[in-house]
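Listing of data-v7.txt, compact mmCIF, C-alpha atoms and all ligand atoms
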```txt
# COMPACT_ATOMS: atom_id res chain seq x y z
CA MET K 138 -24.77 5.48 20.96
CA ALA K 139 -22.47 5.21 17.92
CA HIS K 140 -21.58 1.71 16.82
CA GLY K 141 -17.96 2.13 18.00
CA ALA K 142 -19.09 3.25 21.45
CA ILE K 143 -21.30 0.18 21.85
CA ALA K 144 -18.42 -2.10 20.87
CA ALA K 145 -16.13 -0.30 23.33
CA ALA K 146 -18.70 -0.70 26.12
CA ILE K 147 -18.98 -4.43 25.44
CA VAL K 148 -15.18 -4.84 25.51
CA ARG K 149 -15.03 -2.91 28.77
CA GLU K 150 -17.73 -5.08 30.32
CA GLY K 151 -15.69 -8.13 29.31
CA ASP K 152 -12.60 -6.72 31.04
CA LEU K 153 -14.33 -6.44 34.41
CA ASP K 154 -13.39 -9.09 36.90
CA GLU K 155 -13.88 -9.88 40.55
CA THR K 156 -11.73 -10.24 43.61
CA LEU K 157 -12.19 -11.02 47.30
CA PHE K 158 -11.44 -8.25 49.75
CA MET K 159 -11.62 -8.75 53.50
CA ILE K 160 -11.51 -6.16 56.26
CA LYS K 161 -9.84 -7.91 59.20
CA PRO K 162 -10.81 -7.81 62.90
CA ASP K 163 -8.26 -5.13 63.88
CA ALA K 164 -9.80 -2.69 61.38
CA VAL K 165 -13.44 -3.60 62.11
CA LEU K 166 -12.92 -3.30 65.89
CA GLY K 167 -10.94 -0.09 65.30
CA HIS K 168 -13.93 1.45 63.51
CA LYS K 169 -12.02 1.74 60.25
CA ALA K 170 -14.29 -0.40 58.07
CA GLY K 171 -16.26 2.51 56.60
CA ALA K 172 -13.14 4.51 55.70
CA ILE K 173 -11.52 1.43 54.12
CA LEU K 174 -14.61 0.62 52.03
CA ALA K 175 -14.74 4.25 50.93
CA GLU K 176 -11.15 3.91 49.67
CA ALA K 177 -12.12 0.85 47.63
CA GLU K 178 -15.10 2.65 46.10
CA ARG K 179 -13.00 5.73 45.38
CA ALA K 180 -10.58 3.49 43.48
CA GLY K 181 -13.43 2.37 41.23
CA PHE K 182 -14.40 -0.93 42.86
CA GLU K 183 -18.06 -1.87 42.83
CA ILE K 184 -19.32 -3.78 45.88
CA LEU K 185 -21.19 -6.83 44.57
CA ASP K 186 -21.65 -8.51 47.94
CA LEU K 187 -20.45 -8.18 51.53
CA ARG K 188 -21.14 -9.67 54.93
CA LEU K 189 -19.96 -9.47 58.51
CA VAL K 190 -18.62 -12.79 59.82
CA ARG K 191 -17.02 -14.16 62.95
CA LEU K 192 -14.76 -16.93 61.67
CA ALA K 193 -14.42 -20.10 63.74
CA PRO K 194 -10.73 -21.05 64.09
CA ARG K 195 -11.18 -24.07 61.83
CA ASP K 196 -12.72 -21.88 59.11
CA ALA K 197 -9.91 -19.33 59.39
CA ARG K 198 -7.44 -22.21 59.00
CA ARG K 199 -9.35 -23.49 55.96
CA PHE K 200 -9.38 -20.01 54.39
CA TYR K 201 -5.60 -19.73 54.85
CA ALA K 202 -4.87 -23.36 53.88
CA VAL K 203 -2.14 -22.22 51.44
CA HIS K 204 -0.14 -21.10 54.49
CA GLU K 205 -0.29 -24.54 56.17
CA GLY K 206 3.12 -25.23 57.72
CA LYS K 207 4.18 -21.57 57.89
CA PRO K 208 5.41 -20.41 61.32
CA PHE K 209 2.87 -17.58 61.50
CA LEU K 210 -0.23 -19.67 60.73
CA ASP K 211 -1.36 -20.33 64.33
CA GLU K 212 -1.09 -16.65 65.19
CA LEU K 213 -2.91 -15.71 61.98
CA VAL K 214 -5.76 -18.14 62.73
CA GLU K 215 -6.08 -16.87 66.29
CA PHE K 216 -6.18 -13.25 65.12
CA MET K 217 -8.62 -13.85 62.26
CA SER K 218 -11.03 -15.64 64.62
CA SER K 219 -10.66 -13.07 67.43
CA GLY K 220 -13.36 -10.69 66.17
CA PRO K 221 -15.60 -9.71 63.28
CA ALA K 222 -14.33 -9.55 59.71
CA ILE K 223 -16.01 -8.19 56.58
CA PRO K 224 -15.39 -10.17 53.39
CA CYS K 225 -16.47 -8.28 50.25
CA ARG K 226 -16.92 -9.38 46.66
CA LEU K 227 -15.56 -6.52 44.54
CA ARG K 228 -15.61 -5.87 40.81
CA ARG K 229 -13.44 -3.65 38.66
CA GLU K 230 -11.30 -3.74 35.57
CA ASN K 231 -8.11 -5.69 36.41
CA ALA K 232 -9.57 -6.22 39.89
CA VAL K 233 -6.99 -8.58 41.43
CA GLN K 234 -3.91 -6.48 40.63
CA ALA K 235 -5.67 -3.15 41.19
CA LEU K 236 -6.74 -4.20 44.71
CA ARG K 237 -3.27 -5.55 45.57
CA ASP K 238 -1.84 -2.17 44.51
CA LEU K 239 -4.46 -0.30 46.55
CA ILE K 240 -3.80 -2.27 49.78
CA GLY K 241 0.02 -2.20 49.61
CA ALA K 242 2.65 -4.56 51.04
CA THR K 243 1.81 -7.15 53.74
CA ASP K 244 3.89 -5.29 56.34
CA PRO K 245 2.70 -1.69 56.72
CA LYS K 246 6.34 -0.65 57.25
CA ASP K 247 6.95 -1.63 53.60
CA ALA K 248 3.63 -0.35 52.20
CA LYS K 249 3.74 2.68 49.91
CA PRO K 250 2.34 5.90 51.40
CA GLY K 251 -1.36 6.30 50.68
CA THR K 252 -2.06 2.56 50.45
CA ILE K 253 -4.70 1.07 52.76
CA ARG K 254 -2.15 -0.83 54.85
CA ALA K 255 0.14 2.20 55.15
CA ARG K 256 -2.82 4.18 56.46
CA PHE K 257 -4.76 1.64 58.53
CA ALA K 258 -2.60 -1.39 59.43
CA GLU K 259 -0.86 -1.82 62.80
CA SER K 260 1.67 -4.53 61.94
CA LYS K 261 2.39 -7.40 59.55
CA GLY K 262 0.07 -9.68 61.53
CA ARG K 263 -2.63 -7.10 62.27
CA ASN K 264 -2.62 -5.63 58.79
CA ALA K 265 -6.24 -4.42 58.38
CA VAL K 266 -7.13 -6.14 55.11
CA HIS K 267 -6.69 -9.15 52.86
CA ALA K 268 -6.98 -9.30 49.06
CA SER K 269 -6.84 -12.31 46.72
CA ASP K 270 -3.40 -12.76 45.16
CA SER K 271 -4.53 -14.28 41.82
CA THR K 272 -7.63 -14.81 39.70
CA GLU K 273 -7.67 -18.44 40.82
CA SER K 274 -7.51 -17.48 44.53
CA ALA K 275 -10.22 -14.88 43.92
CA ARG K 276 -12.54 -17.59 42.57
CA THR K 277 -11.85 -19.93 45.52
CA GLU K 278 -12.11 -17.16 48.13
CA ILE K 279 -15.33 -15.69 46.71
CA GLU K 280 -16.78 -19.20 46.73
CA PHE K 281 -15.63 -19.64 50.35
CA PHE K 282 -17.67 -16.67 51.59
CA PHE K 283 -20.41 -16.20 49.02
CA GLY K 284 -20.97 -19.63 47.51
CA ASP K 285 -24.08 -20.29 49.56
CA GLY K 286 -26.65 -18.55 47.44
CA SER K 287 -26.57 -15.26 49.36
CA ALA K 288 -27.87 -12.17 47.56
CA ARG K 289 -26.06 -11.39 44.32
CA ARG K 290 -26.70 -9.47 41.18
P1 LIG K 301 -2.83 -11.71 54.15
O1 LIG K 301 -2.74 -10.92 52.90
O2 LIG K 301 -4.17 -11.85 54.77
O3 LIG K 301 -2.25 -13.18 53.89
C1 LIG K 301 -1.64 -13.97 54.88
C2 LIG K 301 -1.45 -13.23 56.16
O4 LIG K 301 -0.55 -13.78 57.08
C3 LIG K 301 -0.88 -11.86 55.86
O5 LIG K 301 -1.85 -11.06 55.23
C4 LIG K 301 -0.40 -11.41 57.23
O6 LIG K 301 -1.41 -10.73 57.96
C5 LIG K 301 -0.16 -12.72 57.96
N1 LIG K 301 1.24 -12.84 58.35
C6 LIG K 301 1.68 -12.85 59.62
N2 LIG K 301 2.99 -13.00 59.65
C7 LIG K 301 3.43 -13.09 58.38
C8 LIG K 301 4.71 -13.27 57.77
N3 LIG K 301 5.82 -13.38 58.49
N4 LIG K 301 4.76 -13.32 56.42
C9 LIG K 301 3.62 -13.21 55.68
N5 LIG K 301 2.38 -13.05 56.21
C10 LIG K 301 2.30 -12.98 57.55
```

Take the structure in the file and give it back as structure tokens.
Ligand code: CMP
Amino acid sequence: MAHGAIAAAIVREGDLDETLFMIKPDAVLGHKAGAILAEAERAGFEILDLRLVRLAPRDARRFYAVHEGKPFLDELVEFMSSGPAIPCRLRRENAVQALRDLIGATDPKDAKPGTIRARFAESKGRNAVHASDSTESARTEIEFFFGDGSARR
């Protein structure tokens, strides 16, 4: 490899960052998890870790603590603890923004055609997936699901 190519590869490695993606119970129970993960991989995300969880209501509330006091929180907690979810630790260049773009707006009615929520979500509440909204949230949310020494590379 030419010297310039090595330097470029190192810079690229440094640009990679991580985000937390979660496939929600509506999509897992609707047998859409495989298709959704395929979309993430097609968009260049590398799966670093993933697991299937059934969140207890108190854990769902802890995960969504930033929404404490919002009128939709109780419904959100009930939904997120109603079935299996698949949190995933994903890596890509500009991961947080790239994943937000890939999933689309919170309400599928507002999501751009081709985005994951436009294709797979039922409604604003049952919206198929979650993605971290900032690098700071990504760190906290990855820690929430994968901070227990589970397999990593
Ligand atoms: P998510 O990206 O997981 O973050 C918070 C979730 O709250 C959001 O997706 C929606 O599924 C859910 N939610 C339900 N009602 C609302 C609402 N009125 N505004 C924003 N989020 C909502």

Let me make sure I understand: among K:Ala175, K:Ile253, K:Met159, K:Leu185, which one has the smallest atom-to-atom distance to ligand LIG 301 (chain K) if we use all atoms listed in the file? K:Met159

Neighbouring residues of ligand LIG 301 (chain K) are defined here as those with any atom at most 9 Å from a ligand atom, counting only C-alpha atoms and all ligand atoms; list them as JSON, numbers by chain. {"K": [159, 161, 201, 203, 204, 207, 208, 209, 210, 212, 213, 214, 216, 217, 242, 243, 244, 260, 261, 262, 263, 264, 265, 266, 267, 268, 269, 270]}

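Reported to one decimal place, the separation of CA of Lys246 (chain K) from CA of Glu259 (chain K) is 9.2 Å.
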
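Near Gly241 (chain K), within a cut-off of 7 Å and counting only C-alpha atoms, sit the residues Ala248, Lys249, Thr252, Ile253 and Arg254 of chain K, with same-chain residues fewer than 5 positions away left out.
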
Take the residues that were just selected and, keeping C-alpha atoms, output them as a PDB file, in the frame of the given file.
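Printed below is result01.pdb as written:
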```pdb
ATOM      1  CA  ALA K 248       3.630  -0.350  52.200  1.00  0.00           C
ATOM      2  CA  LYS K 249       3.740   2.680  49.910  1.00  0.00           C
ATOM      3  CA  THR K 252      -2.060   2.560  50.450  1.00  0.00           C
ATOM      4  CA  ILE K 253      -4.700   1.070  52.760  1.00  0.00           C
ATOM      5  CA  ARG K 254      -2.150  -0.830  54.850  1.00  0.00           C
TER       6      ARG K 254
END
```

Pick from K:Phe282, K:Val165, K:Thr272, K:Ile160 nearest to Gln234 (chain K), counting only C-alpha atoms: K:Thr272

What's around Ser219 (chain K) at 9 Å? Count all atoms listed in the file, leave out sequence neighbours fewer than 5 positions away in its own chain, and write the answer as a PyMOL selection string. chain K and resi 162+191-194+214

How many Å separate CA of Asp152 (chain K) from CA of Arg276 (chain K)? 15.8 Å

Find, counting only C-alpha atoms, the residue in K:Ser271, K:Thr277, K:Ser218, K:Thr156 that gets nearest to Ala177 (chain K). K:Thr156

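CA of Arg229 (chain K) sits 12.2 Å away from CA of Phe158 (chain K).
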
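Nearest-residue note for Glu278 (chain K): choosing from K:Arg179, K:Arg226, K:His168, K:Asp163, the minimum distance belongs to K:Arg226, counting all atoms listed in the file.
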
For each of K:Arg228, K:Arg237, K:Lys169, K:Arg199, take the minimum atom-to-atom distance to Ile184 (chain K), counting all atoms listed in the file, then give the residue where this is smallest. K:Arg228

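Comparing the minimum interatomic distances between Ile279 (chain K) and each of K:Ala232, K:Ala258, K:Leu157, K:Ala180, counting only C-alpha atoms, we find that K:Leu157 sits nearest.
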
Give as a list in words each residue that has an atom at most 6 Å from (-11.3, -7.3, 33.4) in the file, counting only C-alpha atoms. Asp152, Leu153, Asp154, Glu230 and Asn231 of chain K

Just write region 144-289 of chain K with C-alpha atoms, as a compact mmCIF listing (two decimals), in the first residue's frame, taken from the block above.
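Dumped to result.txt:
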```txt
# COMPACT_ATOMS: atom_id res chain seq x y z
CA ALA K 144 -2.62 7.48 5.92
CA ALA K 145 -6.08 7.63 4.30
CA ALA K 146 -7.02 4.26 5.85
CA ILE K 147 -5.96 5.46 9.30
CA VAL K 148 -8.01 8.67 8.94
CA ARG K 149 -11.00 6.62 7.83
CA GLU K 150 -10.67 4.29 10.80
CA GLY K 151 -10.63 7.35 13.05
CA ASP K 152 -13.86 8.63 11.48
CA LEU K 153 -15.80 5.48 12.35
CA ASP K 154 -18.15 5.81 15.26
CA GLU K 155 -20.88 3.85 16.95
CA THR K 156 -24.57 4.22 17.57
CA LEU K 157 -27.36 2.26 19.25
CA PHE K 158 -30.07 0.86 17.04
CA MET K 159 -33.08 -0.98 18.42
CA ILE K 160 -35.70 -3.00 16.57
CA LYS K 161 -38.90 -2.55 18.57
CA PRO K 162 -41.50 -5.19 19.53
CA ASP K 163 -43.93 -4.36 16.69
CA ALA K 164 -41.23 -5.12 14.11
CA VAL K 165 -39.82 -8.20 15.87
CA LEU K 166 -43.30 -9.71 16.36
CA GLY K 167 -44.16 -8.73 12.77
CA HIS K 168 -41.19 -10.77 11.49
CA LYS K 169 -39.49 -7.69 10.07
CA ALA K 170 -36.26 -7.85 12.07
CA GLY K 171 -34.23 -9.60 9.35
CA ALA K 172 -35.33 -7.19 6.62
CA ILE K 173 -34.58 -4.18 8.85
CA LEU K 174 -31.11 -5.46 9.76
CA ALA K 175 -30.43 -6.09 6.07
CA GLU K 176 -31.26 -2.42 5.39
CA ALA K 177 -28.75 -1.32 8.02
CA GLU K 178 -26.03 -3.55 6.56
CA ARG K 179 -26.84 -2.38 3.04
CA ALA K 180 -26.33 1.20 4.24
CA GLY K 181 -22.81 0.29 5.36
CA PHE K 182 -23.36 -0.34 9.07
CA GLU K 183 -21.29 -3.05 10.71
CA ILE K 184 -23.01 -5.02 13.48
CA LEU K 185 -20.63 -5.02 16.46
CA ASP K 186 -23.07 -6.56 18.93
CA LEU K 187 -26.76 -7.42 19.20
CA ARG K 188 -29.12 -9.22 21.54
CA LEU K 189 -32.78 -10.06 21.95
CA VAL K 190 -34.29 -8.64 25.13
CA ARG K 191 -37.65 -8.45 26.84
CA LEU K 192 -37.53 -5.16 28.72
CA ALA K 193 -39.16 -4.96 32.15
CA PRO K 194 -41.34 -1.82 32.39
CA ARG K 195 -38.92 -0.20 34.83
CA ASP K 196 -36.01 -0.78 32.43
CA ALA K 197 -37.99 0.65 29.50
CA ARG K 198 -38.71 3.71 31.66
CA ARG K 199 -35.02 4.00 32.56
CA PHE K 200 -34.00 3.73 28.89
CA TYR K 201 -36.43 6.53 27.96
CA ALA K 202 -35.68 8.67 31.05
CA VAL K 203 -35.18 11.77 28.84
CA HIS K 204 -38.92 11.59 28.08
CA GLU K 205 -39.94 11.65 31.77
CA GLY K 206 -43.00 13.90 32.10
CA LYS K 207 -44.04 13.61 28.44
CA PRO K 208 -47.69 12.60 27.88
CA PHE K 209 -46.74 9.59 25.74
CA LEU K 210 -44.25 8.04 28.18
CA ASP K 211 -46.61 5.54 29.87
CA GLU K 212 -47.82 4.26 26.51
CA LEU K 213 -44.23 4.06 25.24
CA VAL K 214 -43.11 2.07 28.30
CA GLU K 215 -46.06 -0.31 27.98
CA PHE K 216 -45.35 -0.88 24.29
CA MET K 217 -41.58 -1.31 24.69
CA SER K 218 -42.12 -3.92 27.43
CA SER K 219 -44.91 -5.74 25.55
CA GLY K 220 -42.63 -8.04 23.55
CA PRO K 221 -39.09 -8.75 22.39
CA ALA K 222 -36.78 -6.00 21.16
CA ILE K 223 -33.37 -6.25 19.48
CA PRO K 224 -30.85 -3.60 20.50
CA CYS K 225 -27.80 -3.50 18.19
CA ARG K 226 -24.44 -1.79 18.50
CA LEU K 227 -23.65 -0.47 15.01
CA ARG K 228 -20.54 1.13 13.55
CA ARG K 229 -20.10 3.31 10.50
CA GLU K 230 -18.63 6.60 9.43
CA ASN K 231 -20.87 9.39 10.84
CA ALA K 232 -22.96 6.63 12.44
CA VAL K 233 -25.43 8.69 14.53
CA GLN K 234 -26.59 11.00 11.72
CA ALA K 235 -26.42 8.30 9.04
CA LEU K 236 -28.71 6.01 11.06
CA ARG K 237 -31.16 8.83 11.85
CA ASP K 238 -31.34 9.53 8.10
CA LEU K 239 -31.83 5.83 7.32
CA ILE K 240 -34.72 5.37 9.81
CA GLY K 241 -36.62 8.57 8.93
CA ALA K 242 -39.02 10.72 10.98
CA THR K 243 -40.60 9.47 14.23
CA ASP K 244 -44.06 9.35 12.65
CA PRO K 245 -44.07 7.13 9.54
CA LYS K 246 -46.56 9.56 7.95
CA ASP K 247 -43.73 12.14 7.91
CA ALA K 248 -40.90 9.72 7.04
CA LYS K 249 -39.30 10.04 3.60
CA PRO K 250 -40.10 7.22 1.17
CA GLY K 251 -37.56 4.42 1.37
CA THR K 252 -36.65 5.05 5.01
CA ILE K 253 -37.05 2.19 7.50
CA ARG K 254 -39.99 3.82 9.28
CA ALA K 255 -41.74 4.66 6.00
CA ARG K 256 -41.44 1.01 5.02
CA PHE K 257 -41.91 -0.85 8.30
CA ALA K 258 -43.55 1.36 10.97
CA GLU K 259 -47.27 1.27 11.79
CA SER K 260 -47.66 4.57 13.67
CA LYS K 261 -45.77 7.17 15.70
CA GLY K 262 -45.99 4.96 18.80
CA ARG K 263 -45.40 1.63 17.06
CA ASN K 264 -42.61 2.91 14.85
CA ALA K 265 -40.45 -0.22 14.34
CA VAL K 266 -37.07 1.16 15.40
CA HIS K 267 -35.14 3.51 17.65
CA ALA K 268 -31.78 5.17 16.98
CA SER K 269 -29.61 7.31 19.27
CA ASP K 270 -30.09 11.04 18.65
CA SER K 271 -26.55 12.19 19.54
CA THR K 272 -23.06 10.83 20.18
CA GLU K 273 -23.65 11.32 23.91
CA SER K 274 -26.94 9.35 23.82
CA ALA K 275 -25.22 6.66 21.76
CA ARG K 276 -22.60 6.22 24.48
CA THR K 277 -25.23 6.02 27.25
CA GLU K 278 -27.54 3.72 25.27
CA ILE K 279 -24.76 1.34 24.20
CA GLU K 280 -23.69 1.17 27.84
CA PHE K 281 -27.31 0.47 28.86
CA PHE K 282 -27.53 -2.68 26.73
CA PHE K 283 -23.94 -3.81 26.25
CA GLY K 284 -22.06 -2.52 29.27
CA ASP K 285 -22.07 -5.89 31.00
CA GLY K 286 -19.07 -7.47 29.38
CA SER K 287 -21.03 -9.31 26.67
CA ALA K 288 -19.10 -10.40 23.58
CA ARG K 289 -17.41 -7.56 21.72
```
